[in-house]
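Undergrad: The file below is entry.txt, compact mmCIF, C-alpha atoms and all ligand atoms:
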# COMPACT_ATOMS: atom_id res chain seq x y z
CA MET M 1 15.82 -10.89 19.29
CA ASN M 2 19.01 -9.22 20.44
CA GLN M 3 21.49 -11.64 18.84
CA VAL M 4 21.82 -11.59 15.03
CA ASP M 5 24.45 -12.72 12.57
CA VAL M 6 25.12 -9.24 11.15
CA ILE M 7 24.54 -5.71 12.40
CA VAL M 8 24.98 -2.88 9.92
CA ILE M 9 25.38 0.62 11.36
CA GLY M 10 23.92 3.06 8.82
CA ALA M 11 20.91 2.73 6.50
CA GLY M 12 22.57 4.73 3.73
CA ALA M 13 23.66 3.61 0.27
CA ALA M 14 26.50 1.32 1.38
CA GLY M 15 24.73 -0.05 4.45
CA LEU M 16 21.49 -1.02 2.68
CA MET M 17 23.38 -2.64 -0.20
CA SER M 18 25.54 -4.75 2.13
CA ALA M 19 22.56 -5.69 4.34
CA ALA M 20 20.56 -7.05 1.39
CA GLN M 21 23.54 -9.06 0.13
CA ALA M 22 24.25 -10.57 3.53
CA GLY M 23 20.54 -11.33 3.94
CA TYR M 24 20.45 -13.17 0.60
CA ARG M 25 23.18 -15.46 1.97
CA GLY M 26 20.81 -16.52 4.73
CA ARG M 27 22.38 -14.33 7.43
CA SER M 28 20.06 -12.66 9.92
CA VAL M 29 20.71 -8.93 9.48
CA THR M 30 19.69 -5.86 11.49
CA VAL M 31 20.40 -2.35 10.18
CA LEU M 32 20.54 0.45 12.76
CA ASP M 33 20.12 4.09 11.82
CA MET M 34 19.55 7.20 13.89
CA GLY M 35 17.40 8.84 11.19
CA LYS M 36 13.66 8.67 10.91
CA LYS M 37 13.97 7.55 7.27
CA PRO M 38 16.45 5.27 5.51
CA GLY M 39 18.71 6.64 2.76
CA ARG M 40 18.34 10.30 3.68
CA LYS M 41 21.39 11.38 1.66
CA ILE M 42 20.15 9.46 -1.34
CA LEU M 43 16.88 11.39 -1.11
CA ILE M 44 18.57 14.81 -1.32
CA SER M 45 21.23 13.77 -3.82
CA GLY M 46 21.49 14.98 -7.39
CA GLY M 47 19.03 17.82 -6.74
CA GLY M 48 16.44 15.21 -5.61
CA ARG M 49 16.97 12.97 -8.65
CA CYS M 50 20.02 11.03 -7.39
CA ASN M 51 22.93 10.75 -9.78
CA PHE M 52 23.13 7.08 -8.85
CA THR M 53 26.15 6.02 -10.89
CA ASN M 54 28.45 7.03 -13.72
CA GLU M 55 28.74 4.99 -16.90
CA ASN M 56 32.47 5.73 -17.05
CA ALA M 57 33.37 5.06 -13.40
CA SER M 58 36.96 3.87 -13.10
CA PRO M 59 39.64 4.02 -10.38
CA GLU M 60 41.00 7.33 -11.80
CA ASN M 61 37.81 9.04 -10.62
CA TYR M 62 38.64 8.49 -6.95
CA LEU M 63 41.00 9.92 -4.34
CA CYS M 64 42.38 7.29 -1.99
CA GLY M 65 45.71 6.66 -0.26
CA ASN M 66 45.80 3.27 -2.02
CA PRO M 67 44.51 3.36 -5.64
CA HIS M 68 44.75 -0.46 -5.92
CA PHE M 69 42.11 -0.76 -3.22
CA VAL M 70 39.61 1.20 -5.33
CA LYS M 71 40.46 -0.80 -8.45
CA SER M 72 39.82 -4.07 -6.68
CA CYS M 73 36.55 -2.81 -5.18
CA LEU M 74 35.08 -1.36 -8.38
CA SER M 75 35.90 -4.50 -10.37
CA ARG M 76 33.84 -6.69 -8.01
CA TYR M 77 30.59 -4.81 -8.66
CA THR M 78 30.65 -2.33 -11.52
CA GLN M 79 28.36 0.48 -12.67
CA HIS M 80 26.96 -2.03 -15.21
CA ASP M 81 25.99 -4.38 -12.38
CA PHE M 82 24.14 -1.57 -10.63
CA VAL M 83 22.40 -0.54 -13.87
CA GLU M 84 21.37 -4.17 -14.30
CA LEU M 85 19.86 -4.07 -10.79
CA VAL M 86 17.86 -0.87 -11.40
CA ASP M 87 16.72 -2.19 -14.79
CA ARG M 88 15.41 -5.33 -13.09
CA HIS M 89 13.35 -3.07 -10.81
CA GLY M 90 12.05 -1.10 -13.80
CA LEU M 91 13.63 2.24 -12.76
CA ALA M 92 13.03 5.12 -15.19
CA TYR M 93 16.29 7.03 -15.63
CA HIS M 94 18.20 9.15 -18.09
CA HIS M 95 21.77 9.97 -19.12
CA LYS M 96 22.91 13.52 -18.42
CA THR M 97 26.36 14.85 -19.29
CA LEU M 98 29.67 13.10 -18.69
CA GLY M 99 28.22 9.61 -18.18
CA GLN M 100 25.99 10.63 -15.26
CA LEU M 101 22.79 8.61 -14.75
CA PHE M 102 19.84 10.25 -12.95
CA CYS M 103 16.33 9.08 -11.94
CA ASP M 104 13.54 10.44 -14.16
CA ASN M 105 11.15 10.82 -11.22
CA ASN M 106 12.98 11.23 -7.95
CA ALA M 107 15.58 9.74 -5.67
CA GLN M 108 12.95 7.89 -3.64
CA ASP M 109 12.94 5.35 -6.50
CA ILE M 110 16.51 4.34 -5.62
CA VAL M 111 15.70 4.10 -1.90
CA ASP M 112 12.65 1.97 -2.78
CA ILE M 113 14.82 -0.41 -4.80
CA LEU M 114 17.21 -0.84 -1.88
CA LEU M 115 14.36 -1.30 0.59
CA THR M 116 12.72 -3.88 -1.67
CA GLU M 117 16.02 -5.76 -1.89
CA CYS M 118 16.34 -5.62 1.90
CA GLU M 119 12.77 -6.85 2.34
CA TRP M 120 13.29 -9.77 -0.07
CA ALA M 121 16.48 -10.64 1.83
CA GLY M 122 14.68 -10.56 5.19
CA VAL M 123 16.64 -7.60 6.59
CA ASN M 124 15.33 -5.88 9.73
CA ILE M 125 15.78 -2.07 9.65
CA LYS M 126 15.56 -0.21 12.93
CA LEU M 127 15.32 3.57 12.59
CA ARG M 128 15.60 6.37 15.21
CA ASN M 129 18.22 4.21 16.90
CA GLU M 130 21.50 6.06 17.41
CA VAL M 131 24.50 3.86 18.09
CA ILE M 132 26.45 5.11 21.07
CA SER M 133 29.15 2.48 21.50
CA VAL M 134 30.51 -0.84 20.33
CA SER M 135 32.39 -3.49 22.27
CA LYS M 136 34.01 -6.85 21.58
CA THR M 137 32.35 -10.05 22.75
CA GLU M 138 33.54 -13.64 22.68
CA ILE M 139 31.89 -14.41 19.34
CA GLY M 140 31.71 -10.96 17.78
CA TYR M 141 30.50 -7.52 18.84
CA SER M 142 27.85 -5.88 20.94
CA VAL M 143 26.31 -2.59 19.87
CA THR M 144 24.65 -0.23 22.30
CA THR M 145 22.13 2.27 21.01
CA GLU M 146 20.10 4.86 22.87
CA GLN M 147 17.38 2.19 23.33
CA GLU M 148 19.00 -1.25 23.52
CA THR M 149 22.06 -3.48 23.27
CA LEU M 150 22.33 -5.98 20.41
CA SER M 151 24.98 -8.60 19.65
CA CYS M 152 26.28 -9.97 16.38
CA GLU M 153 28.97 -12.07 14.83
CA SER M 154 29.79 -9.56 12.05
CA LEU M 155 29.59 -5.80 12.44
CA VAL M 156 29.47 -3.61 9.33
CA ILE M 157 30.22 0.07 9.86
CA ALA M 158 28.51 2.08 7.10
CA SER M 159 27.96 5.23 9.11
CA GLY M 160 29.14 7.67 6.42
CA GLY M 161 31.33 10.75 6.82
CA LEU M 162 30.91 14.07 8.58
CA THR M 163 29.07 15.99 5.87
CA MET M 164 25.65 17.50 6.51
CA PRO M 165 25.44 17.02 10.28
CA LYS M 166 21.77 17.96 10.19
CA LEU M 167 21.18 14.71 8.25
CA GLY M 168 22.64 12.62 11.04
CA ALA M 169 26.39 12.52 10.39
CA THR M 170 28.30 11.28 13.43
CA PRO M 171 31.94 10.29 13.98
CA ILE M 172 30.94 6.85 15.33
CA GLY M 173 32.71 5.02 12.47
CA TYR M 174 36.04 6.75 13.09
CA LYS M 175 35.62 6.23 16.84
CA VAL M 176 35.10 2.46 16.44
CA ALA M 177 38.03 2.23 13.99
CA LYS M 178 40.36 3.90 16.50
CA GLN M 179 38.98 1.78 19.34
CA PHE M 180 40.13 -1.36 17.47
CA GLY M 181 43.54 0.10 16.62
CA LEU M 182 42.87 1.08 12.99
CA ASN M 183 44.54 4.12 11.48
CA VAL M 184 42.13 6.93 10.54
CA LEU M 185 43.43 9.48 8.03
CA PRO M 186 42.63 13.17 8.69
CA THR M 187 39.20 14.14 7.39
CA MET M 188 38.24 17.23 5.39
CA ALA M 189 35.13 18.56 3.64
CA ALA M 190 35.23 17.91 -0.13
CA LEU M 191 33.01 18.59 -3.15
CA VAL M 192 32.29 21.84 -1.37
CA PRO M 193 31.92 25.52 -2.40
CA PHE M 194 34.73 27.99 -1.69
CA THR M 195 34.37 31.09 0.44
CA LEU M 196 36.36 34.18 -0.60
CA HIS M 197 38.45 36.74 1.28
CA GLN M 198 36.47 39.86 2.14
CA HIS M 199 37.86 42.01 -0.72
CA ASP M 200 37.06 39.36 -3.36
CA LYS M 201 33.70 38.62 -1.75
CA GLU M 202 32.78 42.30 -1.99
CA ARG M 203 34.06 42.51 -5.59
CA PHE M 204 32.13 39.50 -6.84
CA GLU M 205 29.00 39.24 -4.70
CA GLY M 206 27.00 41.18 -7.30
CA LEU M 207 27.62 38.30 -9.70
CA SER M 208 25.71 35.82 -7.53
CA GLY M 209 23.88 33.37 -9.83
CA ILE M 210 26.19 33.89 -12.83
CA SER M 211 27.72 30.74 -14.25
CA ILE M 212 30.69 30.49 -16.67
CA PRO M 213 32.00 27.40 -18.49
CA CYS M 214 35.65 27.18 -17.43
CA GLU M 215 38.62 24.92 -16.97
CA VAL M 216 39.71 24.95 -13.33
CA SER M 217 43.07 23.64 -12.11
CA SER M 218 44.57 23.05 -8.69
CA GLU M 219 48.17 23.93 -7.87
CA ASP M 220 49.06 20.23 -7.99
CA GLY M 221 47.69 19.79 -11.51
CA ALA M 222 44.14 18.40 -11.20
CA VAL M 223 41.98 19.86 -14.00
CA PHE M 224 38.19 19.96 -14.47
CA LYS M 225 36.32 21.50 -17.38
CA GLU M 226 32.81 22.38 -16.23
CA ASN M 227 30.92 25.45 -15.05
CA ILE M 228 31.85 27.72 -12.16
CA LEU M 229 29.07 29.59 -10.35
CA PHE M 230 29.34 32.84 -8.41
CA THR M 231 27.37 32.73 -5.14
CA HIS M 232 26.75 35.33 -2.45
CA ARG M 233 29.37 33.56 -0.30
CA GLY M 234 32.00 32.84 -2.97
CA LEU M 235 32.40 30.28 -5.73
CA SER M 236 30.55 27.07 -6.46
CA GLY M 237 29.41 25.10 -9.52
CA PRO M 238 30.59 21.66 -10.63
CA ALA M 239 34.14 22.69 -11.60
CA ILE M 240 34.69 24.34 -8.21
CA LEU M 241 33.22 21.40 -6.26
CA GLN M 242 35.52 19.05 -8.16
CA ILE M 243 38.66 21.09 -7.56
CA SER M 244 37.82 21.57 -3.86
CA SER M 245 38.78 17.92 -3.27
CA PHE M 246 42.33 18.75 -4.42
CA TRP M 247 42.66 22.23 -2.89
CA ARG M 248 44.54 22.85 0.35
CA ALA M 249 44.38 25.93 2.59
CA GLY M 250 46.48 28.81 1.31
CA GLN M 251 46.61 27.58 -2.29
CA ALA M 252 45.21 29.40 -5.32
CA VAL M 253 42.97 27.88 -7.96
CA ILE M 254 43.71 28.67 -11.58
CA ILE M 255 40.70 29.31 -13.80
CA ASN M 256 40.82 29.38 -17.57
CA LEU M 257 37.83 31.63 -18.22
CA LEU M 258 37.80 30.94 -21.96
CA PRO M 259 38.79 27.29 -22.36
CA ASP M 260 37.32 27.03 -25.87
CA ILE M 261 38.59 30.32 -27.28
CA ASN M 262 42.19 31.32 -28.01
CA LEU M 263 42.04 34.91 -26.74
CA LYS M 264 45.27 35.96 -28.47
CA GLN M 265 43.87 34.88 -31.83
CA GLN M 266 40.52 36.47 -30.98
CA LEU M 267 42.26 39.82 -30.37
CA VAL M 268 44.04 39.53 -33.74
CA ASP M 269 40.67 38.84 -35.43
CA TRP M 270 39.06 41.79 -33.62
CA ARG M 271 41.93 44.04 -34.69
CA GLU M 272 40.86 43.33 -38.28
CA SER M 273 37.10 43.37 -37.86
CA GLN M 274 36.42 45.89 -35.05
CA ALA M 275 39.62 47.77 -34.28
CA GLN M 276 37.80 50.88 -33.01
CA LYS M 277 35.56 49.01 -30.61
CA SER M 278 36.36 49.15 -26.90
CA LEU M 279 38.16 46.14 -25.44
CA LYS M 280 35.68 45.99 -22.58
CA ASN M 281 32.62 45.81 -24.85
CA SER M 282 34.30 43.26 -27.09
CA LEU M 283 35.13 40.99 -24.16
CA ALA M 284 31.56 41.36 -22.90
CA THR M 285 30.43 39.45 -26.00
CA ILE M 286 32.33 36.33 -24.94
CA LEU M 287 32.16 36.58 -21.14
CA PRO M 288 29.35 37.81 -18.84
CA LYS M 289 29.07 41.61 -19.06
CA ARG M 290 28.90 42.19 -15.30
CA PHE M 291 32.01 40.09 -14.74
CA ILE M 292 33.92 42.06 -17.37
CA GLU M 293 32.81 45.33 -15.75
CA ILE M 294 34.24 44.19 -12.41
CA LEU M 295 37.55 43.20 -13.99
CA HIS M 296 37.59 46.53 -15.81
CA GLU M 297 36.95 48.48 -12.58
CA SER M 298 39.85 46.66 -10.92
CA LYS M 299 42.11 47.60 -13.88
CA ALA M 300 42.60 43.96 -14.94
CA ILE M 301 41.19 44.96 -18.33
CA PRO M 302 42.81 48.04 -19.94
CA ASP M 303 40.51 50.96 -20.68
CA CYS M 304 41.15 51.24 -24.42
CA ASN M 305 40.02 50.25 -27.89
CA ILE M 306 41.20 47.01 -29.48
CA ASN M 307 43.71 48.79 -31.77
CA GLN M 308 45.28 50.64 -28.81
CA LEU M 309 46.42 47.50 -27.03
CA THR M 310 50.19 47.13 -26.75
CA HIS M 311 51.92 43.76 -27.13
CA ALA M 312 52.69 43.75 -23.42
CA GLN M 313 49.04 44.45 -22.57
CA ILE M 314 47.90 41.66 -24.89
CA ASP M 315 50.22 39.15 -23.22
CA GLU M 316 49.14 40.27 -19.77
CA LEU M 317 45.44 40.11 -20.64
CA VAL M 318 45.71 36.70 -22.33
CA ASN M 319 47.53 35.34 -19.31
CA TYR M 320 44.98 36.88 -16.95
CA ILE M 321 41.91 35.47 -18.74
CA HIS M 322 43.35 32.04 -19.51
CA ALA M 323 44.89 31.63 -16.05
CA TRP M 324 42.81 33.75 -13.67
CA GLN M 325 44.11 33.06 -10.18
CA ILE M 326 41.93 33.30 -7.14
CA LYS M 327 42.86 32.37 -3.59
CA PRO M 328 39.87 31.04 -1.65
CA ASN M 329 39.58 31.97 1.99
CA GLY M 330 38.34 28.48 2.80
CA THR M 331 35.39 26.22 2.09
CA GLU M 332 31.82 26.18 3.35
CA GLY M 333 32.84 23.07 5.36
CA TYR M 334 30.86 19.99 6.32
CA ARG M 335 27.60 21.95 6.45
CA THR M 336 27.26 21.98 2.66
CA ALA M 337 29.96 19.54 1.48
CA GLU M 338 28.85 16.48 -0.46
CA VAL M 339 31.55 14.18 0.87
CA THR M 340 34.30 13.73 3.45
CA LEU M 341 37.90 13.21 2.35
CA GLY M 342 40.04 10.86 4.42
CA GLY M 343 38.68 8.39 6.97
CA VAL M 344 39.47 4.77 7.77
CA ASP M 345 42.80 3.94 6.11
CA THR M 346 42.14 1.38 3.38
CA ASP M 347 45.49 -0.29 4.17
CA GLU M 348 43.74 -1.52 7.33
CA LEU M 349 41.03 -3.31 5.30
CA SER M 350 40.86 -6.31 2.98
CA SER M 351 40.10 -4.98 -0.51
CA LYS M 352 38.12 -8.17 -1.16
CA THR M 353 35.91 -8.34 1.92
CA PHE M 354 36.32 -4.92 3.63
CA GLU M 355 37.05 -6.70 6.90
CA ALA M 356 39.53 -4.98 9.19
CA LYS M 357 42.82 -6.86 9.11
CA LYS M 358 43.24 -6.29 12.86
CA ALA M 359 39.66 -7.09 13.95
CA LYS M 360 37.93 -10.24 12.72
CA GLY M 361 34.26 -9.73 11.92
CA LEU M 362 34.51 -5.90 11.79
CA TYR M 363 33.89 -4.33 8.36
CA PHE M 364 34.07 -0.70 7.13
CA ILE M 365 32.34 0.41 3.93
CA GLY M 366 31.24 3.60 2.17
CA GLU M 367 32.16 7.16 2.94
CA VAL M 368 33.63 6.34 6.36
CA THR M 369 36.60 4.85 4.48
CA ASP M 370 39.36 6.87 2.82
CA VAL M 371 37.81 6.70 -0.66
CA THR M 372 36.34 9.86 -2.22
CA GLY M 373 34.88 10.01 -5.69
CA TRP M 374 34.64 12.93 -8.05
CA LEU M 375 31.31 14.65 -8.51
CA GLY M 376 29.13 12.74 -10.99
CA GLY M 377 27.69 9.56 -9.44
CA TYR M 378 31.08 8.11 -8.49
CA ASN M 379 30.46 8.22 -4.75
CA PHE M 380 27.28 6.18 -4.95
CA GLN M 381 29.01 3.71 -7.26
CA TYR M 382 31.68 3.20 -4.61
CA ALA M 383 28.95 2.68 -2.00
CA TRP M 384 27.24 0.02 -4.18
CA SER M 385 30.54 -1.70 -5.02
CA CYS M 386 31.85 -1.96 -1.48
CA GLY M 387 28.39 -2.70 -0.04
CA PHE M 388 27.98 -5.57 -2.47
CA ALA M 389 31.46 -7.01 -1.85
CA CYS M 390 31.22 -6.78 1.94
CA GLY M 391 27.75 -8.36 1.91
CA GLN M 392 29.24 -11.53 0.39
CA TYR M 393 31.41 -12.07 3.48
CA ALA M 394 29.95 -10.34 6.55
P1 LIG X 1 25.52 7.80 4.24
O1 LIG X 1 25.93 9.10 4.83
O2 LIG X 1 24.64 7.82 3.06
O3 LIG X 1 24.79 6.92 5.34
C1 LIG X 1 25.27 6.83 6.65
C2 LIG X 1 24.12 6.55 7.57
O4 LIG X 1 24.62 6.29 8.87
C3 LIG X 1 23.17 7.74 7.69
O5 LIG X 1 21.87 7.33 7.36
C4 LIG X 1 23.28 8.16 9.16
O6 LIG X 1 22.03 8.58 9.70
C5 LIG X 1 23.77 6.87 9.81
N1 LIG X 1 24.49 7.09 11.06
C6 LIG X 1 25.59 7.88 11.26
N2 LIG X 1 25.97 7.80 12.53
C7 LIG X 1 25.11 6.97 13.17
C8 LIG X 1 25.00 6.51 14.51
N3 LIG X 1 25.84 6.90 15.47
N4 LIG X 1 23.99 5.65 14.81
C9 LIG X 1 23.11 5.24 13.86
N5 LIG X 1 23.16 5.65 12.58
C10 LIG X 1 24.17 6.50 12.23
N6 LIG X 1 26.93 11.06 -4.57
C11 LIG X 1 26.68 10.59 -5.82
O7 LIG X 1 27.31 9.62 -6.24
N7 LIG X 1 25.72 11.20 -6.61
C12 LIG X 1 25.00 12.28 -6.18
O8 LIG X 1 24.08 12.76 -6.88
C13 LIG X 1 25.30 12.80 -4.89
N8 LIG X 1 24.67 13.92 -4.44
C14 LIG X 1 24.89 14.37 -3.16
C15 LIG X 1 24.23 15.51 -2.71
C16 LIG X 1 24.43 15.96 -1.42
C17 LIG X 1 23.74 17.21 -0.95
C18 LIG X 1 25.28 15.22 -0.54
C19 LIG X 1 25.48 15.66 0.90
C20 LIG X 1 25.96 14.11 -0.99
C21 LIG X 1 25.78 13.68 -2.31
N9 LIG X 1 26.47 12.56 -2.80
C22 LIG X 1 26.25 12.13 -4.08
C23 LIG X 1 27.41 11.79 -1.94
C24 LIG X 1 26.68 10.54 -1.38
O9 LIG X 1 25.47 10.96 -0.77
C25 LIG X 1 27.54 9.80 -0.38
O10 LIG X 1 28.77 9.48 -0.97
C26 LIG X 1 26.85 8.52 0.08
O11 LIG X 1 25.60 8.83 0.66
C27 LIG X 1 27.70 7.77 1.08
O12 LIG X 1 26.98 6.63 1.45
P2 LIG X 1 27.23 5.92 2.85
O13 LIG X 1 26.25 4.79 2.90
O14 LIG X 1 28.66 5.62 3.03
O15 LIG X 1 26.87 7.03 3.96
Would you write out, as structure tokens, the structure that this file holds?
Ligand code: FDA
TA:
Amino acid sequence: MNQVDVIVIGAGAAGLMSAAQAGYRGRSVTVLDMGKKPGRKILISGGGRCNFTNENASPENYLCGNPHFVKSCLSRYTQHDFVELVDRHGLAYHHKTLGQLFCDNNAQDIVDILLTECEWAGVNIKLRNEVISVSKTEIGYSVTTEQETLSCESLVIASGGLTMPKLGATPIGYKVAKQFGLNVLPTMAALVPFTLHQHDKERFEGLSGISIPCEVSSEDGAVFKENILFTHRGLSGPAILQISSFWRAGQAVIINLLPDINLKQQLVDWRESQAQKSLKNSLATILPKRFIEILHESKAIPDCNINQLTHAQIDELVNYIHAWQIKPNGTEGYRTAEVTLGGVDTDELSSKTFEAKKAKGLYFIGEVTDVTGWLGGYNFQYAWSCGFACGQYA
């Protein structure tokens, strides 16, 4: 049957959620995806265990041109609603840090829940079916894939962003938005590791694998307190991924290497307890030894004993360690990014239904829209929230 009520492009988190909801309303629904499996990003997420939501999700955890849009969306289907859904399916899961909920077994459990919901709702999922183009018909839309042309009354675009092209990311969603006159905000890789300029890369590549709990800030004031991780290409770790969403080319990031220690006070204490000990060896007891050696080689740490430090040196050192500045060369880009910043301008969409204001029956949900969550289960929560809301109307 080539005519259905609803076509959903994308069998990812947002697409499967919306398809099941529309199906439960008695709509005939077909989901089209170019992949050979549904929910491929869910399967690789959270190190294979899918951080499927965050207990503390709130609008402040998202970047979007219109914060009210996110507020409205999250309030329609909250993290508690999604937890209620997974509880109903008997999912085994656990709480990690910072409100993050992960599967005990693996991410396939989440995909299975969505597929079960789709099956109960009578949704037809067609895989290995890449959508090439979309056009307007008298009653709705026609969608042409590599194999066939299908028609529908409501078309839901849940085709995701540009991250991880090897997992089937395509710009089809942005292309359709522009085709129907919708504004698309510039896109950029986010939640992504930084690469370093050659001199810093050479200085720090020996630290690959070392992780330090830090507080990382962007030049415009975003702050995240989590670990940073040195890699053979540059810097990664949760704090770096978080700040990458706020960083712009040419800016520095500011890293407090000892967020839980007042270094000035520590130096005063050391002056009393171990005045003759070398500064370098003392610092190596509170920061990784190899890192301290590199800073020492580059003269950022004076070559002296604790009691030989001058006031000026103390101030300089304290400032250096509590506000270490590093200028990334760039990011690793869409190849390794978790999400895409920017996308379909939310001002073009109803925050209640996700229908395009300029194109009746055309809906945009999930990562293709200009809503980007922090690291920590917020992006999936947005996918569930908008998928649920859209499925009530499409
Ligand atoms: P998603 O990208 O999931 O789905 C889009 C679908 O559309 C894909 O299946 C694709 O094949 C299909 N498609 C695209 N173009 C098409 C075309 N032309 N024709 C047919 N089909 C097409 N978030 C989180 O909250 N917790 C986490 O633990 C993680 N972990 C994580 C790890 C990694 C490595 C990545 C890359 C990402 C995460 N994320 C995450 C982010 C999360 O995966 C992301 O926000 C959601 O998958 C977005 O869901 P969508 O349904 O919008 O797009």
Undergrad: So, counting only C-alpha atoms, which residue among M:Leu167, M:Leu375, M:Cys73, M:Leu91 is closest to Leu43 (chain M)?
TA: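 Of all the options, M:Leu167 lies closest to Leu43 (chain M).
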Undergrad: With distances taken over only C-alpha atoms and all ligand atoms, which of M:Phe246, M:Phe180, M:Trp120, M:Phe364 is nearest to ligand LIG 1 (chain X)?
TA: M:Phe364
Undergrad: Dump the neighbourhood of ligand LIG 1 (chain X) as a count of residues only: all residues within 7 Å, distances computed on all atoms listed in the file.
TA: 56
Undergrad: Would you list the contacts of Glu55 (chain M) as a PDB file with C-alpha atoms, in the coordinates of the input, taking every protein, DNA or RNA residue within 9 Å and counting only C-alpha atoms, but skipping same-chain residues closer than 5 positions in sequence?
TA:
ATOM      1  CA  GLN M  79      28.360   0.480 -12.670  1.00  0.00           C
ATOM      2  CA  HIS M  80      26.960  -2.030 -15.210  1.00  0.00           C
ATOM      3  CA  VAL M  83      22.400  -0.540 -13.870  1.00  0.00           C
ATOM      4  CA  HIS M  95      21.770   9.970 -19.120  1.00  0.00           C
ATOM      5  CA  LEU M  98      29.670  13.100 -18.690  1.00  0.00           C
ATOM      6  CA  GLY M  99      28.220   9.610 -18.180  1.00  0.00           C
ATOM      7  CA  GLN M 100      25.990  10.630 -15.260  1.00  0.00           C
ATOM      8  CA  LEU M 101      22.790   8.610 -14.750  1.00  0.00           C
ATOM      9  CA  GLY M 377      27.690   9.560  -9.440  1.00  0.00           C
TER      10      GLY M 377
END
Undergrad: CA of Val344 (chain M) and CA of Ser236 (chain M), how far apart in Å?
TA: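 Between these atoms lies a distance of 27.9 Å.
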Undergrad: What is the distance, in Å and to one decimal place, between CA of Gly26 (chain M) and CA of Arg128 (chain M)?
TA: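 Taking CA of Gly26 (chain M) as the start and CA of Arg128 (chain M) as the end point, the length is 25.7 Å.
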Undergrad: Calculate how many Å separate CA of Ala249 (chain M) from CA of Asn54 (chain M), rounding to one decimal.
TA: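 Result for CA of Ala249 (chain M) versus CA of Asn54 (chain M): 29.6 Å, one decimal.
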Undergrad: Determine, for each residue of region 132-250 of chain M having at least one atom at most 12 Å from an atom of region 295-299 of chain M, the closest pair of atoms and their separation in Å to one decimal, counting all atoms listed in the file; order by chain and ascending number, as a Markdown table.
TA:
| residue | atom | partner | partner_atom | distance |
| --- | --- | --- | --- | --- |
| M:His199 | CA | M:Ser298 | CA | 11.4 |
| M:Asp200 | CA | M:Ser298 | CA | 10.9 |
| M:Arg203 | CA | M:Ser298 | CA | 8.9 |
| M:Phe204 | CA | M:Leu295 | CA | 9.7 |
| M:Leu207 | CA | M:Leu295 | CA | 11.9 |
Undergrad: Distance cut-off 8 Å, centre (26.1, 33.5, -12.1) in file coordinates, counting all atoms listed in the file: which residues qualify? Return them as a PDB file with C-alpha atoms, keeping the file's coordinate frame.
TA:
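New file part01.pdb:
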ATOM      1  CA  LEU M 207      27.620  38.300  -9.700  1.00  0.00           C
ATOM      2  CA  SER M 208      25.710  35.820  -7.530  1.00  0.00           C
ATOM      3  CA  GLY M 209      23.880  33.370  -9.830  1.00  0.00           C
ATOM      4  CA  ILE M 210      26.190  33.890 -12.830  1.00  0.00           C
ATOM      5  CA  SER M 211      27.720  30.740 -14.250  1.00  0.00           C
ATOM      6  CA  ILE M 212      30.690  30.490 -16.670  1.00  0.00           C
ATOM      7  CA  LEU M 229      29.070  29.590 -10.350  1.00  0.00           C
ATOM      8  CA  PHE M 230      29.340  32.840  -8.410  1.00  0.00           C
ATOM      9  CA  THR M 231      27.370  32.730  -5.140  1.00  0.00           C
TER      10      THR M 231
END
Undergrad: M:Lys225, M:Lys264, M:Lys289, M:Lys136: which is nearest Asp315 (chain M), counting only C-alpha atoms?
TA: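 Using only C-alpha atoms, the shortest distance to Asp315 (chain M) belongs to M:Lys264.
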Undergrad: Counting all atoms listed in the file, figure out which residue out of M:Lys178, M:Lys37, M:Arg335, M:Lys360 gets nearest to Pro165 (chain M).
TA: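 Ranking M:Lys178, M:Lys37, M:Arg335, M:Lys360 by distance to Pro165 (chain M), first place goes to M:Arg335.
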Undergrad: Would you kindly return, as a VMD selection string, each protein, DNA or RNA residue with an atom no farther than 12 Å from any atom of Thr346 (chain M), considering only C-alpha atoms and excluding same-chain residues fewer than 4 positions away?
TA: chain M and resid 63 to 70 72 to 73 177 182 to 185 342 350 to 357 363 to 372 386
Undergrad: Which residue gives the smallest distance to Glu215 (chain M) among M:Glu316, M:Glu146, M:Trp324, M:Thr116, with only C-alpha atoms counted?
TA: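 When distances to Glu215 (chain M) are compared using only C-alpha atoms, the smallest one comes from M:Trp324.
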Undergrad: Rank M:His311, M:Gly343, M:Pro328, M:Ser151 by their smallest atom-to-atom distance to Thr137 (chain M), using all atoms listed in the file, and report the top residue only.
TA: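 Using all atoms listed in the file, Thr137 (chain M) sits closest to M:Ser151.
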Undergrad: Do a neighbour search on Ile240 (chain M) at 10 Å with only C-alpha atoms, toss out local chain neighbours closer than 6 positions, and write the hits as an MDAnalysis selection string.
TA: chainID M and resid 191:194 214:218 224:229 247 253 255
